[in-house]
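*Asks:* Next up, target27.pdb (PDB, C-alpha atoms).
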```pdb
ATOM      1  CA  MET A1470      39.352-179.052  14.419
ATOM      2  CA  SER A1471      36.265-180.954  15.452
ATOM      3  CA  VAL A1472      33.781-182.393  12.979
ATOM      4  CA  LYS A1473      30.095-183.257  13.219
ATOM      5  CA  ALA A1474      29.504-186.761  14.526
ATOM      6  CA  PHE A1475      29.009-189.391  11.833
ATOM      7  CA  SER A1476      29.282-186.834   9.011
ATOM      8  CA  SER A1477      31.320-187.168   5.809
ATOM      9  CA  ASP A1478      34.060-185.022   7.384
ATOM     10  CA  TRP A1479      34.108-187.357  10.377
ATOM     11  CA  ALA A1480      34.394-190.364   8.033
ATOM     12  CA  LYS A1481      37.369-188.794   6.282
ATOM     13  CA  GLN A1482      39.182-188.085   9.553
ATOM     14  CA  PHE A1483      38.337-191.551  10.865
ATOM     15  CA  LYS A1484      39.781-193.096   7.698
ATOM     16  CA  ASP A1485      42.953-191.024   8.092
ATOM     17  CA  GLU A1486      43.323-192.185  11.709
ATOM     18  CA  VAL A1487      42.881-195.828  10.709
ATOM     19  CA  ASN A1488      45.478-195.521   7.980
ATOM     20  CA  LYS A1489      47.921-193.808  10.358
ATOM     21  CA  SER A1490      47.666-196.643  12.879
ATOM     22  CA  ALA A1491      50.556-199.093  12.749
ATOM     23  CA  ALA A1492      48.773-201.207  15.362
ATOM     24  CA  TYR A1493      45.702-201.529  13.157
ATOM     25  CA  LYS A1494      47.805-202.294  10.089
ATOM     26  CA  ALA A1495      49.496-205.184  11.921
ATOM     27  CA  ALA A1496      46.376-206.545  13.633
ATOM     28  CA  ALA A1497      44.163-206.405  10.533
ATOM     29  CA  LYS A1498      46.545-208.129   8.154
ATOM     30  CA  GLY A1499      44.474-210.516   6.056
ATOM     31  CA  TRP A1500      41.149-208.770   6.737
ATOM     32  CA  LYS A1501      39.120-208.518   3.505
ATOM     33  CA  TRP A1502      35.528-207.818   4.466
ATOM     34  CA  THR A1503      33.334-204.751   4.620
ATOM     35  CA  VAL A1504      32.068-203.511   7.962
ATOM     36  CA  GLY A1505      28.916-201.481   8.455
ATOM     37  CA  LEU A1506      28.092-199.453  11.532
ATOM     38  CA  VAL A1507      24.441-198.639  11.953
ATOM     39  CA  ILE A1508      23.849-195.623  14.169
ATOM     40  CA  GLU A1509      20.230-195.728  15.161
ATOM     41  CA  ALA A1510      18.266-192.508  15.436
ATOM     42  CA  GLU A1511      17.578-190.907  18.784
ATOM     43  CA  PRO A1512      15.488-187.826  18.053
ATOM     44  CA  ASP A1513      15.568-186.730  21.695
ATOM     45  CA  LYS A1514      19.377-186.540  21.393
ATOM     46  CA  ASN A1515      19.146-184.349  18.301
ATOM     47  CA  PHE A1516      20.057-187.319  16.107
ATOM     48  CA  PRO A1517      16.794-187.657  14.180
ATOM     49  CA  GLU A1518      17.664-190.169  11.440
ATOM     50  CA  SER A1519      19.587-193.430  11.476
ATOM     51  CA  ARG A1520      22.846-193.395   9.559
ATOM     52  CA  GLY A1521      25.170-196.026   8.208
ATOM     53  CA  VAL A1522      28.939-195.985   8.117
ATOM     54  CA  VAL A1523      30.373-198.249   5.434
ATOM     55  CA  MET A1524      33.986-199.246   5.924
ATOM     56  CA  ASP A1525      35.831-200.843   3.035
ATOM     57  CA  LEU A1526      38.758-202.383   4.877
ATOM     58  CA  PHE A1527      41.411-204.488   3.241
ATOM     59  CA  ASP A1528      44.539-206.093   4.605
ATOM     60  CA  GLY A1529      45.259-203.567   7.340
ATOM     61  CA  ALA A1530      44.147-200.442   5.490
ATOM     62  CA  ALA A1531      40.933-198.460   5.134
ATOM     63  CA  ARG A1532      40.309-198.131   1.397
ATOM     64  CA  ASP A1533      37.224-196.048   1.977
ATOM     65  CA  ILE A1534      34.912-195.000   4.786
ATOM     66  CA  THR A1535      31.633-193.331   3.889
ATOM     67  CA  VAL A1536      28.507-192.193   5.663
ATOM     68  CA  GLY A1537      25.083-192.755   4.139
ATOM     69  CA  PRO A1538      21.748-194.362   4.824
ATOM     70  CA  ALA A1539      21.568-197.183   7.376
ATOM     71  CA  SER A1540      20.586-199.609   4.605
ATOM     72  CA  ASP A1541      24.036-199.242   3.016
ATOM     73  CA  ALA A1542      25.706-200.359   6.239
ATOM     74  CA  GLN A1543      23.228-203.195   6.711
ATOM     75  CA  SER A1544      24.389-204.823   3.490
ATOM     76  CA  CYS A1545      28.026-205.115   4.637
ATOM     77  CA  ASP A1546      29.661-208.448   5.526
ATOM     78  CA  PHE A1547      29.772-207.477   9.196
ATOM     79  CA  VAL A1548      27.207-205.147  10.724
ATOM     80  CA  ILE A1549      27.349-203.600  14.177
ATOM     81  CA  THR A1550      24.183-201.844  15.275
ATOM     82  CA  ALA A1551      23.543-199.598  18.250
ATOM     83  CA  PRO A1552      21.672-196.415  19.104
ATOM     84  CA  TYR A1553      23.463-193.079  18.773
ATOM     85  CA  THR A1554      24.124-192.836  22.529
ATOM     86  CA  ARG A1555      25.959-196.172  22.621
ATOM     87  CA  TRP A1556      28.214-195.176  19.728
ATOM     88  CA  LYS A1557      28.959-191.917  21.492
ATOM     89  CA  GLN A1558      29.924-193.925  24.593
ATOM     90  CA  VAL A1559      32.283-196.048  22.477
ATOM     91  CA  ALA A1560      33.866-193.009  20.803
ATOM     92  CA  THR A1561      34.379-191.279  24.154
ATOM     93  CA  LYS A1562      35.809-194.426  25.799
ATOM     94  CA  GLU A1563      32.902-194.741  28.222
ATOM     95  CA  LEU A1564      32.079-198.144  26.746
ATOM     96  CA  ASP A1565      34.553-200.774  25.635
ATOM     97  CA  ALA A1566      33.345-202.182  22.311
ATOM     98  CA  THR A1567      34.216-205.803  23.200
ATOM     99  CA  LYS A1568      32.319-205.588  26.466
ATOM    100  CA  GLY A1569      29.481-203.812  24.677
ATOM    101  CA  MET A1570      29.141-206.711  22.246
ATOM    102  CA  LEU A1571      29.225-209.322  25.018
ATOM    103  CA  GLN A1572      26.530-207.366  26.869
ATOM    104  CA  GLY A1573      24.384-206.921  23.767
ATOM    105  CA  LYS A1574      24.728-203.151  23.890
ATOM    106  CA  LEU A1575      26.257-203.334  20.410
ATOM    107  CA  LYS A1576      24.604-205.945  18.204
ATOM    108  CA  LEU A1577      26.874-207.823  15.856
ATOM    109  CA  LYS A1578      25.909-209.655  12.691
ATOM    110  CA  GLY A1579      28.484-211.614  10.773
ATOM    111  CA  ASP A1580      30.783-214.595  10.973
ATOM    112  CA  LEU A1581      31.726-214.843  14.652
ATOM    113  CA  PRO A1582      34.984-216.813  14.321
ATOM    114  CA  THR A1583      36.283-214.197  11.887
ATOM    115  CA  ILE A1584      35.446-211.245  14.106
ATOM    116  CA  VAL A1585      36.922-213.003  17.160
ATOM    117  CA  ARG A1586      40.117-213.734  15.210
ATOM    118  CA  TYR A1587      40.441-209.979  14.618
ATOM    119  CA  THR A1588      39.580-208.791  18.138
ATOM    120  CA  LYS A1589      42.784-206.736  18.372
ATOM    121  CA  ALA A1590      42.062-205.039  15.061
ATOM    122  CA  SER A1591      38.563-204.103  16.151
ATOM    123  CA  GLN A1592      39.908-202.743  19.444
ATOM    124  CA  GLU A1593      42.412-200.588  17.572
ATOM    125  CA  MET A1594      39.686-199.459  15.177
ATOM    126  CA  THR A1595      37.727-198.296  18.214
ATOM    127  CA  GLU A1596      40.817-196.448  19.463
ATOM    128  CA  CYS A1597      40.956-194.661  16.102
ATOM    129  CA  THR A1598      37.399-193.355  16.560
ATOM    130  CA  THR A1599      38.396-191.851  19.896
ATOM    131  CA  ARG A1600      41.150-189.828  18.192
ATOM    132  CA  VAL A1601      38.705-187.866  16.057
ATOM    133  CA  ALA A1602      37.532-184.658  17.712
ATOM    134  CA  VAL A1603      33.758-184.628  17.438
ATOM    135  CA  GLU A1604      30.901-182.174  17.838
ATOM    136  CA  TRP A1605      28.078-184.208  19.337
ATOM    137  CA  PRO A1606      24.568-183.149  18.258
ATOM    138  CA  ASP A1607      23.170-183.508  21.771
ATOM    139  CA  GLU A1608      25.790-181.139  23.176
ATOM    140  CA  ASN A1609      24.979-178.152  20.966
TER     141      ASN A1609
ATOM    142  CA  MET B1259      33.961-213.410   0.265
ATOM    143  CA  HIS B1260      32.343-215.520   2.865
ATOM    144  CA  ASP B1261      28.668-215.752   3.595
ATOM    145  CA  ALA B1262      28.298-213.184   6.308
ATOM    146  CA  GLY B1263      25.089-214.736   7.551
ATOM    147  CA  ARG B1264      26.653-218.144   8.022
ATOM    148  CA  GLY B1265      27.926-217.545  11.479
ATOM    149  CA  ARG B1266      25.137-215.367  12.678
ATOM    150  CA  MET B1267      24.435-216.061  16.273
ATOM    151  CA  ALA B1268      22.294-219.143  16.447
ATOM    152  CA  ARG B1269      19.235-218.647  18.570
ATOM    153  CA  ARG B1270      17.571-221.984  18.480
ATOM    154  CA  LYS B1271      15.210-222.743  21.284
ATOM    155  CA  LEU B1272      14.229-226.074  22.680
ATOM    156  CA  GLY B1273      11.330-227.473  20.720
ATOM    157  CA  ALA B1274      12.236-225.616  17.551
ATOM    158  CA  SER B1275      11.446-227.428  14.335
ATOM    159  CA  ALA B1276      15.149-227.554  13.457
ATOM    160  CA  LYS B1277      15.943-229.282  16.742
ATOM    161  CA  GLU B1278      17.281-232.442  15.137
ATOM    162  CA  SER B1279      19.962-230.492  13.287
ATOM    163  CA  ALA B1280      20.751-228.041  16.060
ATOM    164  CA  LEU B1281      24.077-228.439  17.791
ATOM    165  CA  VAL B1282      23.461-225.624  20.209
ATOM    166  CA  GLU B1283      20.332-224.927  22.178
ATOM    167  CA  TYR B1284      19.517-222.256  24.716
ATOM    168  CA  ALA B1285      17.926-223.040  28.044
ATOM    169  CA  SER B1286      16.315-219.621  28.286
ATOM    170  CA  LYS B1287      13.743-218.179  25.907
ATOM    171  CA  GLU B1288      15.795-215.012  26.191
ATOM    172  CA  PRO B1289      19.447-216.004  26.038
ATOM    173  CA  SER B1290      21.846-213.255  27.033
ATOM    174  CA  ALA B1291      23.999-211.633  24.351
ATOM    175  CA  PHE B1292      27.005-213.382  25.839
ATOM    176  CA  ALA B1293      25.230-216.759  25.732
ATOM    177  CA  GLU B1294      24.337-216.210  22.084
ATOM    178  CA  MET B1295      27.838-215.115  21.248
ATOM    179  CA  LEU B1296      29.539-218.124  22.860
ATOM    180  CA  GLY B1297      26.926-220.546  21.547
ATOM    181  CA  GLY B1298      27.165-219.056  18.065
ATOM    182  CA  LEU B1299      30.945-219.114  18.107
ATOM    183  CA  ILE B1300      31.079-222.763  19.176
ATOM    184  CA  GLU B1301      28.484-223.799  16.614
ATOM    185  CA  ALA B1302      30.335-222.026  13.796
ATOM    186  CA  ASN B1303      33.659-223.537  14.887
ATOM    187  CA  VAL B1304      32.281-227.066  15.158
ATOM    188  CA  ARG B1305      30.480-226.881  11.818
ATOM    189  CA  ALA B1306      33.629-225.622  10.097
ATOM    190  CA  SER B1307      36.123-228.187  11.398
ATOM    191  CA  ALA B1308      36.029-231.983  11.469
ATOM    192  CA  GLU B1309      38.570-232.007  14.312
ATOM    193  CA  LYS B1310      36.509-229.635  16.436
ATOM    194  CA  ARG B1311      33.428-231.698  15.616
ATOM    195  CA  LYS B1312      35.201-234.792  16.922
ATOM    196  CA  ASP B1313      36.036-232.981  20.163
ATOM    197  CA  PHE B1314      32.488-231.659  20.437
ATOM    198  CA  ASP B1315      30.965-235.091  19.884
ATOM    199  CA  ALA B1316      33.132-236.580  22.625
ATOM    200  CA  LEU B1317      32.790-233.838  25.217
ATOM    201  CA  VAL B1318      30.635-234.361  28.284
ATOM    202  CA  ALA B1319      31.163-231.537  30.746
ATOM    203  CA  ARG B1320      29.525-228.589  32.462
ATOM    204  CA  VAL B1321      31.645-225.533  31.762
ATOM    205  CA  GLY B1322      31.076-222.203  33.473
ATOM    206  CA  VAL B1323      32.410-218.995  31.961
ATOM    207  CA  TRP B1324      32.199-215.855  34.085
ATOM    208  CA  VAL B1325      33.233-212.481  32.659
ATOM    209  CA  THR B1326      34.418-210.531  35.653
ATOM    210  CA  ASP B1327      34.220-207.005  34.239
ATOM    211  CA  ILE B1328      30.636-207.277  33.003
ATOM    212  CA  ASP B1329      29.379-209.522  35.812
ATOM    213  CA  GLU B1330      27.811-211.945  33.385
ATOM    214  CA  GLY B1331      28.347-215.571  32.688
ATOM    215  CA  VAL B1332      27.048-218.712  31.133
ATOM    216  CA  THR B1333      27.109-222.423  31.731
ATOM    217  CA  LEU B1334      27.843-224.597  28.724
ATOM    218  CA  VAL B1335      26.488-228.089  29.185
ATOM    219  CA  PHE B1336      28.204-230.324  26.633
ATOM    220  CA  ASP B1337      26.507-233.684  26.332
ATOM    221  CA  ALA B1338      28.255-235.579  23.511
ATOM    222  CA  ARG B1339      26.995-234.142  20.199
ATOM    223  CA  SER B1340      24.958-231.365  21.765
ATOM    224  CA  LEU B1341      25.388-228.205  23.768
ATOM    225  CA  LYS B1342      22.863-226.430  25.923
ATOM    226  CA  VAL B1343      23.720-222.885  26.974
ATOM    227  CA  TYR B1344      22.363-221.476  30.226
ATOM    228  CA  ASN B1345      22.393-217.825  31.247
ATOM    229  CA  GLY B1346      24.452-217.545  34.429
ATOM    230  CA  LEU B1347      26.341-220.159  36.399
ATOM    231  CA  GLU B1348      24.531-223.443  37.018
ATOM    232  CA  ALA B1349      25.454-225.921  39.745
ATOM    233  CA  GLN B1350      27.819-228.899  39.449
ATOM    234  CA  ARG B1351      30.243-227.431  36.961
ATOM    235  CA  THR B1352      33.214-229.493  35.840
ATOM    236  CA  ILE B1353      35.341-226.398  35.263
ATOM    237  CA  THR B1354      34.717-222.679  35.645
ATOM    238  CA  ILE B1355      36.665-220.035  33.754
ATOM    239  CA  ARG B1356      36.732-216.558  35.302
ATOM    240  CA  ALA B1357      38.374-213.654  33.480
ATOM    241  CA  ASP B1358      37.733-210.223  32.044
ATOM    242  CA  ALA B1359      36.163-209.805  28.602
ATOM    243  CA  GLU B1360      39.465-209.258  26.811
ATOM    244  CA  THR B1361      40.969-212.426  28.297
ATOM    245  CA  VAL B1362      37.911-214.497  27.467
ATOM    246  CA  MET B1363      38.246-213.339  23.865
ATOM    247  CA  SER B1364      41.961-214.128  23.860
ATOM    248  CA  LEU B1365      41.190-217.716  24.938
ATOM    249  CA  SER B1366      39.448-218.056  21.592
ATOM    250  CA  ASN B1367      42.598-216.888  19.876
ATOM    251  CA  LEU B1368      44.884-219.525  21.376
ATOM    252  CA  LYS B1369      46.543-221.526  18.661
ATOM    253  CA  ILE B1370      46.413-225.308  18.889
ATOM    254  CA  GLY B1371      49.742-227.069  18.453
ATOM    255  CA  LEU B1372      51.213-230.533  18.631
ATOM    256  CA  PHE B1373      49.055-233.263  20.143
ATOM    257  CA  GLY B1374      46.117-230.854  20.190
ATOM    258  CA  LEU B1375      47.586-228.819  23.022
ATOM    259  CA  PRO B1376      47.126-225.045  23.249
ATOM    260  CA  VAL B1377      50.210-223.054  22.263
ATOM    261  CA  TYR B1378      51.499-220.938  25.147
ATOM    262  CA  TYR B1379      54.733-219.690  23.580
ATOM    263  CA  ASP B1380      53.399-217.141  21.078
ATOM    264  CA  ASP B1381      52.109-213.655  21.974
ATOM    265  CA  VAL B1382      48.539-214.727  22.682
ATOM    266  CA  GLY B1383      49.631-217.857  24.573
ATOM    267  CA  ARG B1384      52.118-215.946  26.715
ATOM    268  CA  GLY B1385      49.413-213.401  27.535
ATOM    269  CA  VAL B1386      47.021-216.149  28.625
ATOM    270  CA  ALA B1387      49.708-217.963  30.644
ATOM    271  CA  SER B1388      50.705-214.722  32.347
ATOM    272  CA  LYS B1389      47.080-214.038  33.320
ATOM    273  CA  LEU B1390      46.792-217.563  34.703
ATOM    274  CA  LEU B1391      49.887-217.015  36.831
ATOM    275  CA  SER B1392      48.679-213.641  38.077
ATOM    276  CA  ARG B1393      45.217-215.147  38.701
ATOM    277  CA  LYS B1394      43.544-212.611  36.412
ATOM    278  CA  LEU B1395      42.426-215.756  34.642
ATOM    279  CA  GLN B1396      41.151-218.433  36.987
ATOM    280  CA  ILE B1397      40.102-221.904  35.941
ATOM    281  CA  ASP B1398      38.445-223.768  38.790
ATOM    282  CA  GLY B1399      38.877-227.501  38.268
ATOM    283  CA  LEU B1400      41.897-227.075  35.995
ATOM    284  CA  LEU B1401      44.147-229.722  37.513
ATOM    285  CA  PRO B1402      41.703-232.634  37.851
ATOM    286  CA  HIS B1403      40.151-231.844  34.457
ATOM    287  CA  ILE B1404      43.109-230.746  32.329
ATOM    288  CA  ALA B1405      42.002-232.904  29.382
ATOM    289  CA  THR B1406      38.558-231.278  29.468
ATOM    290  CA  VAL B1407      40.133-227.797  29.616
ATOM    291  CA  ASN B1408      42.249-228.615  26.566
ATOM    292  CA  ARG B1409      39.277-230.010  24.672
ATOM    293  CA  VAL B1410      37.148-226.955  25.496
ATOM    294  CA  THR B1411      40.028-224.700  24.420
ATOM    295  CA  ARG B1412      40.224-226.509  21.081
ATOM    296  CA  ILE B1413      36.475-226.055  20.541
ATOM    297  CA  PHE B1414      36.650-222.356  21.496
ATOM    298  CA  SER B1415      39.670-221.621  19.342
ATOM    299  CA  VAL B1416      39.118-219.767  16.084
ATOM    300  CA  GLN B1417      42.733-220.265  15.020
TER     301      GLN B1417
END
```
Translate this structure into structure tokens?
*Replies:*
Amino acid sequence: MSVKAFSSDWAKQFKDEVNKSAAYKAAAKGWKWTVGLVIEAEPDKNFPESRGVVMDLFDGAARDITVGPASDAQSCDFVITAPYTRWKQVATKELDATKGMLQGKLKLKGDLPTIVRYTKASQEMTECTTRVAVEWPDEN
Amino acid sequence: MHDAGRGRMARRKLGASAKESALVEYASKEPSAFAEMLGGLIEANVRASAEKRKDFDALVARVGVWVTDIDEGVTLVFDARSLKVYNGLEAQRTITIRADAETVMSLSNLKIGLFGLPVYYDDVGRGVASKLLSRKLQIDGLLPHIATVNRVTRIFSVQ
């Protein structure tokens, strides 16, 4: 069953996908930082307010993933920021997250050596987002 | 917990007041995201490791990095104790690395082993070696400048 994009139901399904992923568990061993995703508003895409996804990730598992105001995500150890459309492209595999960061389509804040060390984990995390069936607000 | 802001991409411009302490400078007023990412990564690596700092201080080379699947690249001009990052490929490069984004990232994950040589026998190393053999990773100038390639690899490496 599909869930509304970047809603609490989406966060729950995303968390379940992360915790089901053996690849993520292996690649993220030793990870102990919070990650925030800031989804910037695009009113013309029926996404009127920015939202923040806060991911409490620890040693290959997602302890919690919640959706709230963008400010919550901005206070995480690592913050990735992009407009709604870019995140949709990532979740639908139109945009590779690594390439997106190198091109500046996704803006990263945080300790670069750490994030580079966990490139495989972040790629698998992206794969997990693509496994959640989503209702996109601009497709209603 | 680390200080998440510590490694934030440095964006120091020539003429900035912090110039004397800057290791990395950007030739353009508007460095590309890739330039900022590589420059920021190198600066964080060098500041965190005395061994990488020694390599950085000794390195004089013009290193091109071209990411084939995003059609973007940079030139890293190492000049003993400083680095200037240019958007795009500049002339007279000592070596030029050409690979897709994933491979460029995996270069940063090469472990450094005995005698400061990159490790090519673990998973990451085998992947890099295999891409070199299949020419999905090309390093122009590799043979005449093998010591420079190894030194650059050590500075890039986050392992």
*Asks:* Please provide the set of residues having any atom within 9 Å of Val1362 in chain B, restricted to only C-alpha atoms, with same-chain residues fewer than 5 positions apart removed, written as a PyMOL selection string.
*Replies:* chain B and resi 1323-1325+1355-1357+1395
*Asks:* Output the contact residues of chain A with respect to chain B at a cut-off of 8 Å, based on all atoms listed in the file, as a count of residues only.
*Replies:* 19
*Asks:* What is the CA of Ala1496 in chain A-CA of Leu1375 in chain B distance in Å, reported with one decimal?
*Replies:*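 Interatomic distance here is 24.2 Å.
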*Asks:* Hey, what comes out of the PyMOL selection byres ((chain B and resi 1378) around 12) on this file? Could you write it as a list in words?
*Replies:*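 Expected selection for the PyMOL selection byres ((chain B and resi 1378) around 12) here is Ser1364, Leu1365, Asn1367, Leu1368, Lys1369, Ile1370, Gly1371, Leu1372, Leu1375, Pro1376, Val1377, Tyr1379, Asp1380, Asp1381, Val1382, Gly1383, Arg1384, Gly1385, Val1386, Ala1387, Ser1388, Lys1389 and Leu1390 of chain B.
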*Asks:* Assuming the chain letters and numbering stay as they are in my file, what does the PyMOL selection byres ((chain A and resi 1507) around 12) actually select? List them as a PyMOL selection string.
*Replies:* chain A and resi 1475+1504-1506+1508-1510+1518-1524+1536-1545+1547-1553+1555-1556+1575-1578
*Asks:* Please measure the separation of CA of Glu1511 in chain A and CA of Thr1595 in chain A, giving the value in Å to one decimal.
*Replies:* 21.5 Å
*Asks:* Using only C-alpha atoms, determine which residues lie at most 12 Å from Glu1348 in chain B, disregarding the query and same-chain residues fewer than 6 positions distant; provide the list as a ChimeraX atom specification.
*Replies:* /B:1285,1320-1324,1331-1335,1342,1354
*Asks:* Would you save the residues from that selection as a compact mmCIF listing (two decimals), in the frame of the given file, using C-alpha atoms?
*Replies:*
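Listing of again.txt after writing:
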```txt
# COMPACT_ATOMS: atom_id res chain seq x y z
CA ALA B 1285 17.93 -223.04 28.04
CA ARG B 1320 29.52 -228.59 32.46
CA VAL B 1321 31.64 -225.53 31.76
CA GLY B 1322 31.08 -222.20 33.47
CA VAL B 1323 32.41 -219.00 31.96
CA TRP B 1324 32.20 -215.86 34.08
CA GLY B 1331 28.35 -215.57 32.69
CA VAL B 1332 27.05 -218.71 31.13
CA THR B 1333 27.11 -222.42 31.73
CA LEU B 1334 27.84 -224.60 28.72
CA VAL B 1335 26.49 -228.09 29.18
CA LYS B 1342 22.86 -226.43 25.92
CA THR B 1354 34.72 -222.68 35.65
```
*Asks:* As a list in words, please: the residues near Ala1497 in chain A (cut-off 9 Å, only C-alpha atoms, same-chain neighbours under 5 positions excluded).
*Replies:*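 Selected residues are Ala1492, Leu1526, Phe1527, Asp1528, Gly1529, Ala1530, Tyr1587, Lys1589, Ala1590 and Ser1591 of chain A.
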*Asks:* As a list in words, please: the residues near Ile1353 in chain B (cut-off 12 Å, all atoms listed in the file, same-chain neighbours under 6 positions excluded).
*Replies:*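 Everything that qualifies: Val1318, Ala1319, Arg1320, Val1321, Gly1322, Val1323, Trp1324, Thr1333, Leu1334, Val1335, Phe1336, Leu1347, Gln1396, Ile1397, Asp1398, Gly1399, Leu1400, Leu1401, Pro1402, His1403, Ile1404, Ala1405, Thr1406, Val1407, Asn1408, Arg1409, Val1410 and Thr1411 of chain B.
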*Asks:* Would you pick out the contacts of Phe1483 in chain A at 9 Å or less, using only C-alpha atoms, so that residues sharing its chain but fewer than 5 positions from it are not included, and give the list as a list in words?
*Replies:* Asp1478, Asn1488, Ile1534, Cys1597, Thr1598, Arg1600 and Val1601 of chain A
